[in-house]
Amino acid sequence: MPAGGVELKPKTHILTYEEIVRLSRLFASLGVTKIRLTGGEPLIRKEIEELVVQLSSIPGIRELAITTNGLLLSKKLAALKAGGVTLFNISLDTLQKDKFLKVTRRQGLDEVLRAIQDTLRAGYNPVKVNAVVMKGFNDDELVDFVAMTRHQPIEIRFIEYMPFGGNEWTDGEFMSYQDMLGIIRQVYPDLERLQDGPEETSKTWRVPGFLGRIGFISSMSDHFCSGCNRIRMTADGQLKVCLFGNREVNLRDMMREGASDDELKAAIHGAVTKKKAAHAGMYELAHSDNRPMILIGG
Ligand SMILES: C[S@@+](CC[C@H](N)C(=O)[O-])C[C@H]1O[C@@H](n2cnc3c(N)ncnc32)[C@H](O)[C@@H]1O
């Protein structure tokens, strides 16, 4: 979120639940098997519990995931689980209260830690925890995060800090996957690499004997574009075939102007086939035009 916030869209610009479900059915008919709700913050959207019921019952959808800041999760967990959510990613960049306030501009560390425990207790395995690593901010906490994987099926995902509109990214704050590994190996020298599937965006490791795992999202230092099969719909109905690309296809207006399912499918197919072989490097991205992360969703 840029420090000055973002301009809120009029409600009419945002996809309705009917539109989200229609598009999800179309994507499922084209072979999509997993949907992730992100944001903004998905758990502040009204009646999210109703939406997950509809999405999880779409034929072909095998996994329904949510990425959340965790603040409202404990309250909504039972309904989301009953509604068919199969996976949670909870964002947590620091385990220290003063830093939490700095990075999120609010209090709430205890709520997020409680949400992680509640999600584990509800039987989710793994519970994924996303930490964006910034040099000089939280790189001194890497081993504390790894320690969380000792007795619990938590998968800590260390994400390389990426440039987006309004986040004032500098390479001084950037820490690469290799450098993170180096720091963690000083304490856990026998860290071992696990086998990842061909479409996995994270490189997975484990400390032998620990219940949980560690994943690294190395989008900047070692991109995984060739295996990436993700596509994104923004809240205002734009299809993005790459997190770092600024090309968008306006499926919202197509739907509102009466496009048939076949016309929408053709537009989706056209966009996906134009997906580039790889996204630009971080220095180029730092100067290119893209939405702030808060308006994409990760
Ligand atoms: C944009 S958030 C949206 C969902 C939800 N509000 C949350 O906090 O998880 C999705 C993910 O993107 C990550 N993220 C945000 N800015 C990022 C950046 N500059 N580089 C890498 N990851 C980033 C967040 O840490 C979070 O895990």
# chains A, B, ... in the order shown; residues from 1 in each chain; ligands from 1
>>> select_by_dssp(residues="range 146-284 of chain A", states="strand (DSSP E or B)", output="list in words")
Ile154, Glu155, Ile156, Arg157, Phe158, Ile159, Glu160, Phe174, Glu192, Arg193, Lys203, Thr204, Trp205, Arg206, Arg213, Ile214, Gly215, Phe216, Ile217, Arg232, Met233, Gln238, Leu239, Lys240, Val249 and Asn250 of chain A
>>> write_last_selection(atoms="C-alpha atoms", output="PDB file, in the first residue's frame")
ATOM      1  CA  ILE A 154       3.857 -24.105   9.014  1.00  0.00           C
ATOM      2  CA  GLU A 155       5.378 -23.289   5.647  1.00  0.00           C
ATOM      3  CA  ILE A 156       7.225 -19.984   5.897  1.00  0.00           C
ATOM      4  CA  ARG A 157       7.492 -18.397   2.492  1.00  0.00           C
ATOM      5  CA  PHE A 158      10.250 -15.833   2.218  1.00  0.00           C
ATOM      6  CA  ILE A 159       9.358 -13.497  -0.654  1.00  0.00           C
ATOM      7  CA  GLU A 160      11.919 -11.334  -2.420  1.00  0.00           C
ATOM      8  CA  PHE A 174      16.486  -5.996  -1.672  1.00  0.00           C
ATOM      9  CA  GLU A 192      17.855 -29.508   2.646  1.00  0.00           C
ATOM     10  CA  ARG A 193      16.129 -28.768  -0.659  1.00  0.00           C
ATOM     11  CA  LYS A 203      11.637 -23.252  -3.941  1.00  0.00           C
ATOM     12  CA  THR A 204      11.029 -25.470  -0.944  1.00  0.00           C
ATOM     13  CA  TRP A 205      13.519 -26.399   1.768  1.00  0.00           C
ATOM     14  CA  ARG A 206      13.348 -28.006   5.192  1.00  0.00           C
ATOM     15  CA  ARG A 213       8.977 -26.238   5.586  1.00  0.00           C
ATOM     16  CA  ILE A 214      10.529 -23.107   4.148  1.00  0.00           C
ATOM     17  CA  GLY A 215       9.734 -21.728   0.710  1.00  0.00           C
ATOM     18  CA  PHE A 216      11.518 -18.988  -1.201  1.00  0.00           C
ATOM     19  CA  ILE A 217       9.780 -16.892  -3.854  1.00  0.00           C
ATOM     20  CA  ARG A 232      -4.958 -12.857 -12.163  1.00  0.00           C
ATOM     21  CA  MET A 233      -8.291 -11.054 -12.111  1.00  0.00           C
ATOM     22  CA  GLN A 238      -9.146  -6.755 -15.457  1.00  0.00           C
ATOM     23  CA  LEU A 239      -7.361  -9.915 -16.521  1.00  0.00           C
ATOM     24  CA  LYS A 240      -3.598  -9.828 -15.965  1.00  0.00           C
ATOM     25  CA  VAL A 249      -7.931  -7.168 -20.599  1.00  0.00           C
ATOM     26  CA  ASN A 250     -11.193  -5.609 -19.469  1.00  0.00           C
TER      27      ASN A 250
END
>>> residues_near_ligand(ligand="ligand 1", cutoff="9 Å", atoms="only C-alpha atoms and all ligand atoms", output="PDB file with N, CA and C atoms, in the first residue's frame")
ATOM      1  N   MET A   1       0.856  -1.188   0.000  1.00  0.00           N
ATOM      2  CA  MET A   1       0.000   0.000   0.000  1.00  0.00           C
ATOM      3  C   MET A   1       0.895   1.242   0.000  1.00  0.00           C
ATOM      4  N   LEU A  37      -8.261 -16.209  -3.502  1.00  0.00           N
ATOM      5  CA  LEU A  37      -8.818 -14.878  -3.249  1.00  0.00           C
ATOM      6  C   LEU A  37      -7.777 -14.074  -2.491  1.00  0.00           C
ATOM      7  N   THR A  38      -7.463 -12.883  -3.011  1.00  0.00           N
ATOM      8  CA  THR A  38      -6.466 -12.071  -2.335  1.00  0.00           C
ATOM      9  C   THR A  38      -6.978 -10.631  -2.334  1.00  0.00           C
ATOM     10  N   GLY A  39      -6.095  -9.642  -2.428  1.00  0.00           N
ATOM     11  CA  GLY A  39      -6.675  -8.303  -2.335  1.00  0.00           C
ATOM     12  C   GLY A  39      -5.628  -7.218  -2.523  1.00  0.00           C
ATOM     13  N   GLY A  40      -5.877  -6.070  -2.041  1.00  0.00           N
ATOM     14  CA  GLY A  40      -6.702  -5.625  -0.915  1.00  0.00           C
ATOM     15  C   GLY A  40      -6.716  -6.674   0.192  1.00  0.00           C
ATOM     16  N   GLU A  41      -7.743  -6.652   0.953  1.00  0.00           N
ATOM     17  CA  GLU A  41      -7.869  -7.657   2.007  1.00  0.00           C
ATOM     18  C   GLU A  41      -9.197  -8.390   1.794  1.00  0.00           C
ATOM     19  N   PRO A  42      -9.118  -9.667   1.398  1.00  0.00           N
ATOM     20  CA  PRO A  42     -10.352 -10.370   1.035  1.00  0.00           C
ATOM     21  C   PRO A  42     -11.350 -10.493   2.173  1.00  0.00           C
ATOM     22  N   LEU A  43     -10.855 -10.548   3.427  1.00  0.00           N
ATOM     23  CA  LEU A  43     -11.795 -10.822   4.521  1.00  0.00           C
ATOM     24  C   LEU A  43     -12.607  -9.603   4.936  1.00  0.00           C
ATOM     25  N   ILE A  66      -6.963 -18.604   0.189  1.00  0.00           N
ATOM     26  CA  ILE A  66      -7.133 -17.191   0.541  1.00  0.00           C
ATOM     27  C   ILE A  66      -5.788 -16.663   1.042  1.00  0.00           C
ATOM     28  N   THR A  67      -5.375 -15.495   0.536  1.00  0.00           N
ATOM     29  CA  THR A  67      -4.222 -14.786   1.106  1.00  0.00           C
ATOM     30  C   THR A  67      -4.776 -13.632   1.922  1.00  0.00           C
ATOM     31  N   THR A  68      -4.388 -13.553   3.186  1.00  0.00           N
ATOM     32  CA  THR A  68      -4.997 -12.573   4.084  1.00  0.00           C
ATOM     33  C   THR A  68      -3.960 -11.964   5.019  1.00  0.00           C
ATOM     34  N   ASN A  69      -4.259 -10.762   5.504  1.00  0.00           N
ATOM     35  CA  ASN A  69      -3.373 -10.179   6.523  1.00  0.00           C
ATOM     36  C   ASN A  69      -3.634 -10.805   7.895  1.00  0.00           C
ATOM     37  N   GLY A  70      -4.637 -11.653   8.012  1.00  0.00           N
ATOM     38  CA  GLY A  70      -4.857 -12.435   9.223  1.00  0.00           C
ATOM     39  C   GLY A  70      -5.669 -11.739  10.306  1.00  0.00           C
ATOM     40  N   ASN A  89      -2.925 -18.549   3.185  1.00  0.00           N
ATOM     41  CA  ASN A  89      -1.615 -17.898   3.277  1.00  0.00           C
ATOM     42  C   ASN A  89      -1.822 -16.670   4.152  1.00  0.00           C
ATOM     43  N   ILE A  90      -1.075 -16.584   5.227  1.00  0.00           N
ATOM     44  CA  ILE A  90      -1.237 -15.461   6.149  1.00  0.00           C
ATOM     45  C   ILE A  90       0.023 -14.608   6.064  1.00  0.00           C
ATOM     46  N   SER A  91      -0.142 -13.317   5.831  1.00  0.00           N
ATOM     47  CA  SER A  91       1.022 -12.449   5.653  1.00  0.00           C
ATOM     48  C   SER A  91       1.541 -11.982   7.005  1.00  0.00           C
ATOM     49  N   LEU A  92       2.834 -12.133   7.201  1.00  0.00           N
ATOM     50  CA  LEU A  92       3.449 -11.706   8.459  1.00  0.00           C
ATOM     51  C   LEU A  92       4.925 -11.409   8.177  1.00  0.00           C
ATOM     52  N   ASP A  93       5.276 -10.137   8.166  1.00  0.00           N
ATOM     53  CA  ASP A  93       6.638  -9.759   7.769  1.00  0.00           C
ATOM     54  C   ASP A  93       7.595  -9.657   8.944  1.00  0.00           C
ATOM     55  N   THR A 104       2.904  -2.334   8.797  1.00  0.00           N
ATOM     56  CA  THR A 104       1.473  -2.437   8.456  1.00  0.00           C
ATOM     57  C   THR A 104       0.706  -1.157   8.799  1.00  0.00           C
ATOM     58  N   VAL A 129       2.764 -19.043   5.678  1.00  0.00           N
ATOM     59  CA  VAL A 129       2.988 -17.704   6.230  1.00  0.00           C
ATOM     60  C   VAL A 129       3.900 -16.964   5.260  1.00  0.00           C
ATOM     61  N   ASN A 130       3.432 -15.838   4.721  1.00  0.00           N
ATOM     62  CA  ASN A 130       4.207 -15.070   3.734  1.00  0.00           C
ATOM     63  C   ASN A 130       4.975 -13.947   4.418  1.00  0.00           C
ATOM     64  N   ALA A 131       6.285 -13.938   4.255  1.00  0.00           N
ATOM     65  CA  ALA A 131       7.083 -12.830   4.794  1.00  0.00           C
ATOM     66  C   ALA A 131       7.894 -12.211   3.656  1.00  0.00           C
ATOM     67  N   VAL A 132       7.660 -10.936   3.384  1.00  0.00           N
ATOM     68  CA  VAL A 132       8.471 -10.235   2.388  1.00  0.00           C
ATOM     69  C   VAL A 132       9.759  -9.804   3.098  1.00  0.00           C
ATOM     70  N   VAL A 133      10.902 -10.219   2.556  1.00  0.00           N
ATOM     71  CA  VAL A 133      12.175  -9.955   3.250  1.00  0.00           C
ATOM     72  C   VAL A 133      12.792  -8.655   2.744  1.00  0.00           C
ATOM     73  N   ARG A 157       7.098 -18.722   3.864  1.00  0.00           N
ATOM     74  CA  ARG A 157       7.492 -18.397   2.492  1.00  0.00           C
ATOM     75  C   ARG A 157       8.182 -17.034   2.496  1.00  0.00           C
ATOM     76  N   ILE A 159       9.598 -14.081   0.674  1.00  0.00           N
ATOM     77  CA  ILE A 159       9.358 -13.497  -0.654  1.00  0.00           C
ATOM     78  C   ILE A 159      10.374 -12.386  -0.901  1.00  0.00           C
ATOM     79  N   GLU A 160      11.034 -12.440  -2.054  1.00  0.00           N
ATOM     80  CA  GLU A 160      11.919 -11.334  -2.420  1.00  0.00           C
ATOM     81  C   GLU A 160      11.088 -10.067  -2.616  1.00  0.00           C
ATOM     82  N   TYR A 161      11.629  -8.988  -2.096  1.00  0.00           N
ATOM     83  CA  TYR A 161      10.937  -7.687  -2.149  1.00  0.00           C
ATOM     84  C   TYR A 161      10.892  -7.185  -3.607  1.00  0.00           C
ATOM     85  N   MET A 162       9.693  -6.919  -4.099  1.00  0.00           N
ATOM     86  CA  MET A 162       9.528  -6.596  -5.523  1.00  0.00           C
ATOM     87  C   MET A 162       9.085  -5.151  -5.705  1.00  0.00           C
ATOM     88  N   PRO A 163       9.534  -4.513  -6.795  1.00  0.00           N
ATOM     89  CA  PRO A 163       9.098  -3.135  -7.061  1.00  0.00           C
ATOM     90  C   PRO A 163       7.681  -3.095  -7.649  1.00  0.00           C
ATOM     91  N   PHE A 164       6.834  -2.245  -7.094  1.00  0.00           N
ATOM     92  CA  PHE A 164       5.488  -2.009  -7.632  1.00  0.00           C
ATOM     93  C   PHE A 164       5.194  -0.526  -7.548  1.00  0.00           C
ATOM     94  N   ASN A 167       5.640   1.810  -4.145  1.00  0.00           N
ATOM     95  CA  ASN A 167       6.236   1.234  -2.922  1.00  0.00           C
ATOM     96  C   ASN A 167       7.665   1.702  -2.656  1.00  0.00           C
ATOM     97  N   TRP A 169      10.495   1.190  -3.891  1.00  0.00           N
ATOM     98  CA  TRP A 169      11.481   0.098  -3.847  1.00  0.00           C
ATOM     99  C   TRP A 169      12.884   0.624  -4.144  1.00  0.00           C
ATOM    100  N   ILE A 217      10.368 -17.373  -2.605  1.00  0.00           N
ATOM    101  CA  ILE A 217       9.780 -16.892  -3.854  1.00  0.00           C
ATOM    102  C   ILE A 217      10.806 -15.934  -4.462  1.00  0.00           C
ATOM    103  N   SER A 219      11.246 -14.333  -7.320  1.00  0.00           N
ATOM    104  CA  SER A 219      10.810 -13.706  -8.593  1.00  0.00           C
ATOM    105  C   SER A 219      11.834 -12.752  -9.183  1.00  0.00           C
ATOM    106  N   PRO A 292      -0.055  -0.476  -7.985  1.00  0.00           N
ATOM    107  CA  PRO A 292       0.481  -0.826  -6.669  1.00  0.00           C
ATOM    108  C   PRO A 292       0.026  -2.252  -6.322  1.00  0.00           C
ATOM    109  N   MET A 293       0.827  -2.973  -5.538  1.00  0.00           N
ATOM    110  CA  MET A 293       0.495  -4.353  -5.175  1.00  0.00           C
ATOM    111  C   MET A 293      -0.907  -4.459  -4.570  1.00  0.00           C
ATOM    112  N   ILE A 294      -1.305  -3.457  -3.809  1.00  0.00           N
ATOM    113  CA  ILE A 294      -2.609  -3.516  -3.138  1.00  0.00           C
ATOM    114  C   ILE A 294      -3.762  -3.600  -4.144  1.00  0.00           C
ATOM    115  N   LEU A 295      -3.518  -3.136  -5.378  1.00  0.00           N
ATOM    116  CA  LEU A 295      -4.563  -3.211  -6.404  1.00  0.00           C
ATOM    117  C   LEU A 295      -4.383  -4.408  -7.335  1.00  0.00           C
ATOM    118  N   ILE A 296      -3.412  -5.273  -7.017  1.00  0.00           N
ATOM    119  CA  ILE A 296      -3.267  -6.505  -7.813  1.00  0.00           C
ATOM    120  C   ILE A 296      -3.617  -7.689  -6.905  1.00  0.00           C
ATOM    121  N   GLY A 297      -2.820  -7.854  -5.847  1.00  0.00           N
ATOM    122  CA  GLY A 297      -3.173  -8.916  -4.900  1.00  0.00           C
ATOM    123  C   GLY A 297      -2.072  -9.928  -4.645  1.00  0.00           C
ATOM    124  N   GLY A 298      -0.987  -9.882  -5.415  1.00  0.00           N
ATOM    125  CA  GLY A 298       0.113 -10.801  -5.138  1.00  0.00           C
ATOM    126  C   GLY A 298       0.002 -12.067  -5.941  1.00  0.00           C
TER     127      GLY A 298
END
>>> residues_around(residues="Asp140 in chain A", least_positions_apart="6", cutoff="10 Å", atoms="only C-alpha atoms", output="PyMOL selection string")
chain A and resi 94+133-134+183-184
>>> closest_atom_pairs(of="range 164-252 of chain A", to="range 141-144 of chain A", cutoff="10 Å", atoms="only C-alpha atoms", output="CSV")
residue,atom,partner,partner_atom,distance
A:Met180,CA,A:Leu142,CA,7.6
A:Leu181,CA,A:Leu142,CA,9.4
A:Ile183,CA,A:Leu142,CA,7.7
A:Ile184,CA,A:Val143,CA,5.9
A:Arg185,CA,A:Val143,CA,9.1
A:Gln186,CA,A:Val143,CA,9.3
A:Val187,CA,A:Val143,CA,7.3
A:Tyr188,CA,A:Val143,CA,8.5
>>> write_last_selection(atoms="N, CA, C and O atoms", output="PDB file, in the first residue's frame")
ATOM      1  N   MET A 180      19.477 -14.982   1.533  1.00  0.00           N
ATOM      2  CA  MET A 180      18.644 -15.473   2.651  1.00  0.00           C
ATOM      3  C   MET A 180      19.112 -16.865   3.060  1.00  0.00           C
ATOM      4  O   MET A 180      19.270 -17.165   4.250  1.00  0.00           O
ATOM      5  N   LEU A 181      19.343 -17.716   2.042  1.00  0.00           N
ATOM      6  CA  LEU A 181      19.813 -19.077   2.331  1.00  0.00           C
ATOM      7  C   LEU A 181      21.109 -19.040   3.146  1.00  0.00           C
ATOM      8  O   LEU A 181      21.270 -19.791   4.110  1.00  0.00           O
ATOM      9  N   ILE A 183      22.224 -16.775   5.196  1.00  0.00           N
ATOM     10  CA  ILE A 183      21.984 -16.394   6.600  1.00  0.00           C
ATOM     11  C   ILE A 183      21.391 -17.569   7.380  1.00  0.00           C
ATOM     12  O   ILE A 183      21.816 -17.880   8.498  1.00  0.00           O
ATOM     13  N   ILE A 184      20.429 -18.250   6.769  1.00  0.00           N
ATOM     14  CA  ILE A 184      19.755 -19.344   7.485  1.00  0.00           C
ATOM     15  C   ILE A 184      20.726 -20.507   7.712  1.00  0.00           C
ATOM     16  O   ILE A 184      20.742 -21.138   8.772  1.00  0.00           O
ATOM     17  N   ARG A 185      21.592 -20.745   6.718  1.00  0.00           N
ATOM     18  CA  ARG A 185      22.546 -21.867   6.831  1.00  0.00           C
ATOM     19  C   ARG A 185      23.566 -21.662   7.952  1.00  0.00           C
ATOM     20  O   ARG A 185      24.141 -22.624   8.450  1.00  0.00           O
ATOM     21  N   GLN A 186      23.798 -20.399   8.337  1.00  0.00           N
ATOM     22  CA  GLN A 186      24.733 -20.184   9.450  1.00  0.00           C
ATOM     23  C   GLN A 186      24.209 -20.837  10.725  1.00  0.00           C
ATOM     24  O   GLN A 186      24.966 -21.277  11.579  1.00  0.00           O
ATOM     25  N   VAL A 187      22.886 -20.895  10.867  1.00  0.00           N
ATOM     26  CA  VAL A 187      22.293 -21.512  12.061  1.00  0.00           C
ATOM     27  C   VAL A 187      21.834 -22.944  11.776  1.00  0.00           C
ATOM     28  O   VAL A 187      21.912 -23.810  12.641  1.00  0.00           O
ATOM     29  N   TYR A 188      21.368 -23.163  10.561  1.00  0.00           N
ATOM     30  CA  TYR A 188      20.876 -24.496  10.178  1.00  0.00           C
ATOM     31  C   TYR A 188      21.665 -24.986   8.964  1.00  0.00           C
ATOM     32  O   TYR A 188      21.159 -24.972   7.835  1.00  0.00           O
TER      33      TYR A 188
END
>>> residues_around(residues="Asn125 in chain A", least_positions_apart="4", cutoff="12 Å", atoms="only C-alpha atoms", output="PyMOL selection string")
chain A and resi 86-89+116-121+129+149+152-155+211-213
>>> residues_around(residues="Gly245 in chain A", least_positions_apart="3", cutoff="12 Å", atoms="only C-alpha atoms", output="list of chain:residue names")
A:Phe164, A:Gly165, A:Ile231, A:Arg232, A:Leu239, A:Lys240, A:Val241, A:Cys242, A:Glu248, A:Val249, A:Ala271, A:Lys274, A:Lys275, A:Lys276, A:Ala277, A:Ala278, A:His279, A:Ala280, A:Gly281, A:Glu284, A:Leu285, A:Ser288, A:Asp289, A:Asn290, A:Arg291, A:Ile296
>>> residues_around(residues="Lys34 in chain A", least_positions_apart="2", cutoff="9 Å", atoms="only C-alpha atoms", output="list in words")
Ala28, Val32, Arg36, Gly60, Ile61, Arg62, Glu63, Leu64 and Ala65 of chain A
>>> residues_around(residues="Thr16 in chain A", least_positions_apart="3", cutoff="10 Å", atoms="only C-alpha atoms", output="ChimeraX atom specification")
/A:11-13,19-22,235-237,252
>>> atom_distance(atom1="CA of Ala286 in chain A", atom2="CA of Met220 in chain A")
11.2 Å
>>> atom_distance(atom1="CA of Ser176 in chain A", atom2="CA of Arg105 in chain A")
25.3 Å
>>> closest_residue(among="A:Leu15, A:Ala115, A:Val103, A:Leu8", to="Leu77 in chain A", atoms="only C-alpha atoms")
A:Ala115
